[in-house]
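Peer 1: Dropping in model-v1.tsv, with TSV, C-alpha atoms and all ligand atoms.
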```tsv
chain	number	residue	atom	x	y	z
A	1	MET	CA	-35.54	-15.84	-33.88
A	2	LYS	CA	-34.04	-18.26	-31.42
A	3	LYS	CA	-30.95	-18.55	-33.56
A	4	ILE	CA	-30.52	-14.78	-33.70
A	5	THR	CA	-30.87	-14.50	-29.92
A	6	ALA	CA	-28.22	-17.18	-29.53
A	7	ILE	CA	-25.88	-15.39	-31.91
A	8	VAL	CA	-26.40	-12.04	-30.20
A	9	LEU	CA	-25.77	-13.69	-26.84
A	10	ALA	CA	-22.64	-15.42	-28.09
A	11	LEU	CA	-21.36	-12.18	-29.58
A	12	SER	CA	-21.94	-10.14	-26.45
A	13	LEU	CA	-20.30	-12.83	-24.31
A	14	LEU	CA	-17.33	-12.72	-26.66
A	15	MET	CA	-17.14	-8.94	-26.38
A	16	MET	CA	-17.40	-9.11	-22.60
A	17	GLY	CA	-14.65	-11.70	-22.52
A	18	ALA	CA	-12.46	-9.49	-24.64
A	19	ALA	CA	-13.15	-6.48	-22.42
A	20	PHE	CA	-12.18	-8.45	-19.32
A	21	ALA	CA	-9.08	-9.91	-20.91
A	22	ASP	CA	-7.84	-6.43	-21.70
A	23	THR	CA	-8.10	-5.14	-18.15
A	24	LEU	CA	-5.94	-5.84	-15.12
A	25	THR	CA	-7.56	-5.10	-11.77
A	26	MET	CA	-5.35	-3.69	-9.06
A	27	GLY	CA	-6.43	-3.68	-5.42
A	28	THR	CA	-5.17	-0.94	-3.16
A	29	ASN	CA	-6.07	1.02	-0.03
A	30	ALA	CA	-6.20	4.63	-1.13
A	31	ALA	CA	-5.58	6.50	2.12
A	32	PHE	CA	-1.81	6.25	1.91
A	33	PRO	CA	-0.33	9.36	0.26
A	34	PRO	CA	1.91	9.70	-1.74
A	35	TYR	CA	1.53	6.07	-2.88
A	36	GLU	CA	-2.27	6.07	-3.30
A	37	TYR	CA	-4.86	8.66	-2.43
A	38	TYR	CA	-7.83	10.47	-3.92
A	39	GLU	CA	-7.53	13.65	-5.92
A	40	GLU	CA	-10.90	14.96	-7.14
A	41	GLY	CA	-12.43	11.52	-6.83
A	42	VAL	CA	-9.67	9.73	-8.72
A	43	ILE	CA	-7.04	7.44	-7.16
A	44	VAL	CA	-3.61	8.90	-7.91
A	45	GLY	CA	-0.10	8.45	-6.51
A	46	ILE	CA	3.16	6.61	-7.06
A	47	ASP	CA	1.57	3.14	-7.15
A	48	ALA	CA	-1.26	4.22	-9.47
A	49	GLU	CA	1.24	5.71	-11.91
A	50	ILE	CA	3.69	2.82	-11.85
A	51	ALA	CA	0.78	0.39	-12.34
A	52	ALA	CA	-0.48	2.44	-15.28
A	53	ALA	CA	3.01	2.39	-16.83
A	54	ILE	CA	3.23	-1.39	-16.36
A	55	CYS	CA	-0.20	-1.93	-17.95
A	56	GLU	CA	0.70	0.34	-20.83
A	57	LYS	CA	3.83	-1.72	-21.53
A	58	LEU	CA	1.85	-4.96	-21.36
A	59	GLY	CA	-1.11	-3.67	-23.40
A	60	TYR	CA	-3.75	-3.84	-20.66
A	61	ASP	CA	-6.23	-1.31	-19.32
A	62	LEU	CA	-5.93	-0.70	-15.59
A	63	GLU	CA	-8.81	-0.74	-13.14
A	64	ILE	CA	-8.03	0.28	-9.55
A	65	ILE	CA	-10.22	-1.00	-6.74
A	66	ASP	CA	-10.09	0.59	-3.28
A	67	MET	CA	-10.51	-1.86	-0.38
A	68	ASP	CA	-9.49	-2.45	3.22
A	69	PHE	CA	-5.75	-3.05	3.46
A	70	GLY	CA	-6.36	-6.24	5.42
A	71	ASN	CA	-8.34	-7.78	2.53
A	72	LEU	CA	-5.73	-7.24	-0.18
A	73	ILE	CA	-3.69	-10.43	0.22
A	74	SER	CA	-6.75	-12.71	0.37
A	75	SER	CA	-8.31	-10.93	-2.64
A	76	VAL	CA	-5.14	-11.57	-4.63
A	77	ALA	CA	-4.92	-15.19	-3.46
A	78	SER	CA	-8.58	-15.88	-4.38
A	79	GLY	CA	-8.25	-14.23	-7.80
A	80	LYS	CA	-10.75	-11.45	-7.02
A	81	ILE	CA	-8.13	-8.95	-8.18
A	82	ASP	CA	-5.14	-9.52	-10.47
A	83	PHE	CA	-2.60	-7.84	-8.23
A	84	ALA	CA	-2.26	-5.69	-5.12
A	85	MET	CA	-0.10	-2.59	-5.07
A	86	ALA	CA	-0.39	-0.56	-1.90
A	87	GLY	CA	3.01	0.47	-0.62
A	88	MET	CA	2.93	-3.15	0.44
A	89	THR	CA	5.90	-4.60	2.26
A	90	LYS	CA	7.29	-7.97	1.20
A	91	THR	CA	7.17	-10.18	4.29
A	92	PRO	CA	7.81	-13.92	4.72
A	93	GLU	CA	4.29	-14.38	6.14
A	94	ARG	CA	2.62	-12.75	3.13
A	95	GLU	CA	4.88	-14.74	0.82
A	96	GLU	CA	3.14	-17.89	2.03
A	97	SER	CA	-0.07	-16.67	0.32
A	98	VAL	CA	1.16	-14.59	-2.64
A	99	ASN	CA	4.19	-14.01	-4.84
A	100	PHE	CA	5.92	-10.63	-4.82
A	101	THR	CA	7.56	-8.89	-7.76
A	102	VAL	CA	10.95	-7.23	-7.57
A	103	THR	CA	11.20	-4.33	-5.11
A	104	TYR	CA	10.27	-0.91	-6.50
A	105	ALA	CA	10.60	1.28	-3.39
A	106	ILE	CA	11.80	1.32	0.21
A	107	GLY	CA	9.70	2.24	3.24
A	108	VAL	CA	10.80	3.00	6.78
A	109	GLN	CA	8.41	2.76	9.71
A	110	SER	CA	8.33	6.14	11.46
A	111	VAL	CA	6.78	7.58	14.61
A	112	ILE	CA	4.44	10.60	14.41
A	113	VAL	CA	3.86	12.49	17.68
A	114	PRO	CA	2.20	15.78	18.59
A	115	GLU	CA	4.73	18.62	18.86
A	116	GLY	CA	6.11	18.75	22.41
A	117	SER	CA	5.23	15.11	23.12
A	118	ALA	CA	6.87	13.29	26.04
A	119	ILE	CA	7.78	10.61	23.50
A	120	THR	CA	11.08	11.78	22.03
A	121	THR	CA	12.67	8.50	20.95
A	122	ILE	CA	11.40	5.05	20.09
A	123	ASP	CA	12.97	3.85	23.39
A	124	ASP	CA	10.32	5.82	25.29
A	125	LEU	CA	7.74	3.38	23.92
A	126	TYR	CA	9.66	0.47	25.48
A	127	ALA	CA	9.97	2.20	28.86
A	128	GLU	CA	8.77	0.08	31.77
A	129	GLY	CA	5.27	0.89	33.07
A	130	ASN	CA	4.39	3.39	30.33
A	131	THR	CA	0.75	3.82	29.29
A	132	TYR	CA	1.32	5.08	25.77
A	133	MET	CA	-1.22	4.15	23.09
A	134	ILE	CA	0.23	3.68	19.62
A	135	GLY	CA	-2.07	4.07	16.62
A	136	VAL	CA	-1.54	1.89	13.54
A	137	GLN	CA	-3.36	0.88	10.38
A	138	GLN	CA	-4.83	-2.55	10.90
A	139	GLY	CA	-3.02	-5.41	9.16
A	140	THR	CA	0.05	-3.37	8.20
A	141	THR	CA	3.61	-4.17	9.16
A	142	GLY	CA	3.40	-1.23	11.60
A	143	ASP	CA	0.50	-3.03	13.29
A	144	ILE	CA	2.27	-6.41	13.31
A	145	TYR	CA	5.59	-5.09	14.69
A	146	CYS	CA	3.97	-2.85	17.32
A	147	THR	CA	1.68	-5.60	18.53
A	148	ASP	CA	4.71	-7.91	18.81
A	149	ASP	CA	6.92	-5.34	20.52
A	150	PHE	CA	4.51	-3.45	22.77
A	151	GLY	CA	1.52	-5.80	23.17
A	152	ASP	CA	-2.18	-5.47	22.28
A	153	ASP	CA	-2.85	-3.18	25.25
A	154	HIS	CA	-0.64	-0.48	23.74
A	155	VAL	CA	-1.84	-0.67	20.15
A	156	ALA	CA	-4.97	1.01	18.74
A	157	LYS	CA	-5.85	-0.36	15.30
A	158	TYR	CA	-7.58	1.79	12.69
A	159	LEU	CA	-9.01	0.92	9.28
A	160	THR	CA	-6.80	3.47	7.50
A	161	GLY	CA	-3.62	5.37	8.29
A	162	ALA	CA	-5.62	8.57	7.87
A	163	ASP	CA	-8.03	7.39	10.62
A	164	ALA	CA	-5.08	6.72	12.95
A	165	VAL	CA	-3.72	10.21	12.32
A	166	ALA	CA	-7.16	11.75	12.93
A	167	ALA	CA	-7.26	9.97	16.31
A	168	LEU	CA	-3.81	11.38	17.12
A	169	VAL	CA	-4.93	14.90	16.21
A	170	ALA	CA	-8.01	14.41	18.42
A	171	GLY	CA	-5.75	13.45	21.34
A	172	LYS	CA	-7.11	9.90	21.62
A	173	ILE	CA	-3.71	8.22	21.19
A	174	ASP	CA	-0.08	9.23	21.84
A	175	CYS	CA	1.63	8.46	18.53
A	176	VAL	CA	1.15	6.79	15.15
A	177	ILE	CA	3.60	4.33	13.64
A	178	ILE	CA	3.39	4.27	9.86
A	179	ASP	CA	5.61	4.26	6.76
A	180	ASN	CA	7.82	7.37	6.42
A	181	ASN	CA	6.44	8.95	3.25
A	182	PRO	CA	2.79	8.73	4.30
A	183	ALA	CA	3.97	10.01	7.72
A	184	LYS	CA	5.46	13.09	6.02
A	185	ALA	CA	2.30	13.65	3.98
A	186	PHE	CA	0.10	13.39	7.09
A	187	VAL	CA	2.34	15.75	9.09
A	188	GLU	CA	2.23	18.28	6.24
A	189	ALA	CA	-1.55	18.06	6.06
A	190	ASN	CA	-2.13	18.43	9.82
A	191	GLU	CA	-0.89	21.17	12.10
A	192	GLY	CA	0.92	20.39	15.36
A	193	LEU	CA	2.42	17.02	14.41
A	194	THR	CA	6.03	16.02	13.97
A	195	ILE	CA	8.05	12.91	13.06
A	196	LEU	CA	10.59	11.51	15.51
A	197	ASP	CA	14.12	11.20	14.28
A	198	THR	CA	14.20	7.44	14.79
A	199	ASP	CA	13.53	4.77	12.21
A	200	TYR	CA	11.64	1.75	13.45
A	201	SER	CA	12.30	-0.68	10.59
A	202	GLU	CA	13.21	-0.65	6.90
A	203	GLU	CA	11.08	-2.51	4.37
A	204	GLU	CA	10.82	-3.29	0.65
A	205	TYR	CA	7.67	-2.49	-1.33
A	206	ALA	CA	6.57	-4.89	-4.05
A	207	ILE	CA	3.48	-5.93	-6.02
A	208	ALA	CA	1.57	-9.01	-4.83
A	209	ILE	CA	0.30	-11.58	-7.36
A	210	ALA	CA	-1.47	-14.93	-6.89
A	211	LEU	CA	0.88	-17.88	-6.32
A	212	ASP	CA	-0.51	-19.79	-9.31
A	213	ASN	CA	-0.37	-16.83	-11.70
A	214	THR	CA	3.30	-17.07	-12.60
A	215	ASP	CA	2.65	-15.81	-16.16
A	216	LEU	CA	1.40	-12.51	-14.80
A	217	LEU	CA	4.22	-12.42	-12.23
A	218	ASN	CA	6.77	-12.85	-15.02
A	219	SER	CA	5.26	-10.25	-17.31
A	220	ILE	CA	4.78	-7.65	-14.55
A	221	ASN	CA	8.35	-8.28	-13.37
A	222	ALA	CA	9.69	-7.82	-16.91
A	223	ALA	CA	7.75	-4.55	-17.35
A	224	LEU	CA	8.70	-3.28	-13.90
A	225	GLU	CA	12.38	-4.08	-14.40
A	226	GLU	CA	12.31	-2.18	-17.70
A	227	LEU	CA	10.63	0.80	-16.05
A	228	ILE	CA	13.26	0.78	-13.29
A	229	ALA	CA	16.12	0.53	-15.84
A	230	GLU	CA	14.62	3.32	-17.96
A	231	GLY	CA	14.44	5.60	-14.92
A	232	VAL	CA	10.65	5.87	-15.16
A	233	VAL	CA	10.07	4.55	-11.62
A	234	ASP	CA	12.55	7.11	-10.22
A	235	GLU	CA	10.82	9.86	-12.20
A	236	ILE	CA	7.40	8.92	-10.85
A	237	ILE	CA	8.72	8.73	-7.27
A	238	ALA	CA	10.51	12.10	-7.64
A	239	LYS	CA	7.29	13.68	-8.92
A	240	TYR	CA	5.52	12.79	-5.66
A	241	ILE	CA	8.50	12.95	-3.27
A	242	PRO	CA	10.65	15.92	-4.24
A	243	VAL	CA	14.23	15.42	-3.05
A	244	GLU	CA	15.04	17.85	-0.25
B	1	LIG	N1	4.06	-0.97	4.17
B	1	LIG	C1	3.06	-1.32	5.12
B	1	LIG	C2	2.62	-2.74	4.92
B	1	LIG	O1	2.85	-3.34	3.94
B	1	LIG	C3	1.86	-0.39	5.07
B	1	LIG	C4	1.15	-0.34	3.77
B	1	LIG	C5	-0.19	0.37	3.85
B	1	LIG	N2	-0.66	0.66	2.56
B	1	LIG	C6	-1.81	1.28	2.25
B	1	LIG	N3	-2.08	1.53	1.00
B	1	LIG	N4	-2.66	1.62	3.18
B	1	LIG	O2	1.99	-3.32	5.75
```
Is it possible to give me this structure as structure tokens?

Peer 2:
Amino acid sequence: MKKITAIVLALSLLMMGAAFADTLTMGTNAAFPPYEYYEEGVIVGIDAEIAAAICEKLGYDLEIIDMDFGNLISSVASGKIDFAMAGMTKTPEREESVNFTVTYAIGVQSVIVPEGSAITTIDDLYAEGNTYMIGVQQGTTGDIYCTDDFGDDHVAKYLTGADAVAALVAGKIDCVIIDNNPAKAFVEANEGLTILDTDYSEEEYAIAIALDNTDLLNSINAALEELIAEGVVDEIIAKYIPVE
């Protein structure tokens, strides 16, 4: 009896181990269309599809976990998730805690204002004595740059980009600074908003992987480079961002 229990236990542990080994967990923050967002309860978008294509090439199942953007880097570093893919910008600060893959997309920080806003260029935000409140998603490059450039008093930090946009629509803040493609998606989804014709900064998106997990870094890089060369990444991006 005891022996059988032990065997059953050993077998189920083995099966569990196998199940885990076959799955890569991706952390993201799924309020960032067109890179990651919910459609009928499922996380879809450019990142979800590129990640699925990578996992397919490498023979893994993919599990996507939605979390606060600000927790992604530490979750990767501590091994809680295998990688983070979230329209995430490669920055020197983040590179102290994680490794980044090759770049798979470019983002440009953009300014969303209500139609008819007094803010017509980015320079207006630097104007002496202004009282403008800029909404950002906490922990993003938009947050970091705005806090540096305009100071804490001028920056309202929200848990998601969608929350920042909701505050703008409600008239609580004067503009939102966020990556250009999410900005376009939010402006399309909400009436009375527009994007200023000024680009705040250009950034490279990449996948974050734990510093000590160089095997995974190498295999994801190999798969991603193949997908880029095969035109698959371009196809996925074009599916979500039709060229005007
Ligand atoms: N590119 C910006 C950054 O890395 C914003 C990314 C936000 N992504 C998200 N899924 N909410 O900080």

Peer 1: What does the structure give for the distance between CA of Glu230 (chain A) and CA of Tyr35 (chain A), in Å to one decimal?

Peer 2: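 Going from CA of Glu230 (chain A) over to CA of Tyr35 (chain A) covers 20.2 Å.
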
Peer 1: Would you mind listing the residues within 6 Å of ligand LIG 1 (chain B), counting only C-alpha atoms and all ligand atoms, as an MDAnalysis selection string?

Peer 2: chainID A and resid 28:32 69 86:89 140:141

Peer 1: Quick one: write out the picked residues with C-alpha atoms as a tab-separated table (two decimals), in the coordinates of the input?

Peer 2:
```
chain	number	residue	atom	x	y	z
A	28	THR	CA	-5.17	-0.94	-3.16
A	29	ASN	CA	-6.07	1.02	-0.03
A	30	ALA	CA	-6.20	4.63	-1.13
A	31	ALA	CA	-5.58	6.50	2.12
A	32	PHE	CA	-1.81	6.25	1.91
A	69	PHE	CA	-5.75	-3.05	3.46
A	86	ALA	CA	-0.39	-0.56	-1.90
A	87	GLY	CA	3.01	0.47	-0.62
A	88	MET	CA	2.93	-3.15	0.44
A	89	THR	CA	5.90	-4.60	2.26
A	140	THR	CA	0.05	-3.37	8.20
A	141	THR	CA	3.61	-4.17	9.16
```

Peer 1: Skip region 124-137 of chain A itself and residues of its chain fewer than 2 positions away, then list as a VMD selection string all residues within 6 Å of it, counting only C-alpha atoms.

Peer 2: chain A and resid 119 121 to 122 140 143 154 to 161 164 173 to 177

Peer 1: Dump C-alpha atoms for the selected residues as a CSV table (one decimal), in the coordinates of the input?

Peer 2:
```csv
chain,number,residue,atom,x,y,z
A,119,ILE,CA,7.8,10.6,23.5
A,121,THR,CA,12.7,8.5,21.0
A,122,ILE,CA,11.4,5.0,20.1
A,140,THR,CA,0.0,-3.4,8.2
A,143,ASP,CA,0.5,-3.0,13.3
A,154,HIS,CA,-0.6,-0.5,23.7
A,155,VAL,CA,-1.8,-0.7,20.2
A,156,ALA,CA,-5.0,1.0,18.7
A,157,LYS,CA,-5.8,-0.4,15.3
A,158,TYR,CA,-7.6,1.8,12.7
A,159,LEU,CA,-9.0,0.9,9.3
A,160,THR,CA,-6.8,3.5,7.5
A,161,GLY,CA,-3.6,5.4,8.3
A,164,ALA,CA,-5.1,6.7,13.0
A,173,ILE,CA,-3.7,8.2,21.2
A,174,ASP,CA,-0.1,9.2,21.8
A,175,CYS,CA,1.6,8.5,18.5
A,176,VAL,CA,1.2,6.8,15.2
A,177,ILE,CA,3.6,4.3,13.6
```

Peer 1: Have a look at A:Asp212, A:Glu225, A:Glu202, A:Glu63 and name the one nearest to Gln109 (chain A); count all atoms listed in the file.

Peer 2: A:Glu202

Peer 1: Excluding same-chain residues fewer than 5 positions from Val108 (chain A), what lies within 6 Å of it counting all atoms listed in the file, as a list in words?

Peer 2: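 Close residues of Val108 (chain A): Asp179, Asn180, Ser201 and Glu202 of chain A.
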
Peer 1: Would you mind telling me which residue in A:Glu93, A:Glu56, A:Glu191, A:Asp199 lies nearest to Ile144 (chain A) when using all atoms listed in the file?

Peer 2: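 Smallest separation from Ile144 (chain A) among the options: A:Glu93.
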
Peer 1: Which polymer residues have any atom within 12 Å of an atom of Ala51 (chain A), counting all atoms listed in the file, with same-chain residues fewer than 2 positions away left out, as a count of residues only?

Peer 2: 44

Peer 1: So which residues are close to (11.4, 8.5, 15.6), meaning at most 8 Å away in the file's coordinates with only C-alpha atoms counted, and can you show them as a PDB file with C-alpha atoms, in the frame of the given file?

Peer 2:
```pdb
ATOM      1  CA  SER A 110       8.330   6.140  11.460  1.00  0.00           C
ATOM      2  CA  VAL A 111       6.780   7.580  14.610  1.00  0.00           C
ATOM      3  CA  ILE A 112       4.440  10.600  14.410  1.00  0.00           C
ATOM      4  CA  THR A 120      11.080  11.780  22.030  1.00  0.00           C
ATOM      5  CA  THR A 121      12.670   8.500  20.950  1.00  0.00           C
ATOM      6  CA  ILE A 122      11.400   5.050  20.090  1.00  0.00           C
ATOM      7  CA  ILE A 195       8.050  12.910  13.060  1.00  0.00           C
ATOM      8  CA  LEU A 196      10.590  11.510  15.510  1.00  0.00           C
ATOM      9  CA  ASP A 197      14.120  11.200  14.280  1.00  0.00           C
ATOM     10  CA  THR A 198      14.200   7.440  14.790  1.00  0.00           C
ATOM     11  CA  ASP A 199      13.530   4.770  12.210  1.00  0.00           C
ATOM     12  CA  TYR A 200      11.640   1.750  13.450  1.00  0.00           C
TER      13      TYR A 200
END
```

Peer 1: Work out how far apart CA of Ile209 (chain A) and CA of Val98 (chain A) are and give it in Å to one decimal.

Peer 2: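 Spanning CA of Ile209 (chain A) to CA of Val98 (chain A) is a straight-line distance of 5.7 Å.
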
Peer 1: Ranking A:Gln138, A:Asn181, A:Ser75, A:Asn99 by minimum distance to Val243 (chain A) and counting all atoms listed in the file, which one comes first?

Peer 2: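 Looking only at the distances to Val243 (chain A), the closest residue turns out to be A:Asn181.
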
Peer 1: Extract, using all atoms listed in the file, all DNA, RNA and protein residues at most 12 Å from Asn190 (chain A), discarding same-chain residues fewer than 5 positions from it, and format them as an MDAnalysis selection string.

Peer 2: chainID A and resid 112:115 162 165:170 183:185

Peer 1: Could you jot down the CA of Leu217 (chain A) to CA of Thr101 (chain A) separation for me, Å, one decimal place?

Peer 2: 6.6 Å

Peer 1: Return the single residue from A:Glu203, A:Asp68, A:Glu235, A:Glu226 that is closest to Gly107 (chain A), with distances computed using all atoms listed in the file.

Peer 2: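 Between A:Glu203, A:Asp68, A:Glu235, A:Glu226, the residue approaching Gly107 (chain A) most closely is A:Glu203.
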
Peer 1: Give me, as a list in words, all polymer residues having an atom no more than 6 Å from Glu204 (chain A), counting all atoms listed in the file and skipping those fewer than 2 positions away in the same chain.

Peer 2: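 Near neighbours after the sequence-gap exclusion: Thr89, Lys90, Thr103 and Ile106 of chain A.
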
Peer 1: Could you work out an axis-aligned bounding box for all listed atoms of region 58-76 of chain A, with 6 Å added on each of the six sides, and give its centre and edge lengths in Å to one decimal, as JSON?

Peer 2:
```
{"center_x": -4.3, "center_y": -6.1, "center_z": -9.0, "size_x": 24.4, "size_y": 25.3, "size_z": 40.8}
```

Peer 1: Using only C-alpha atoms, find the one residue out of A:Thr194, A:Ala208, A:Arg94, A:Lys239 that sits nearest to Val76 (chain A).

Peer 2: A:Ala208
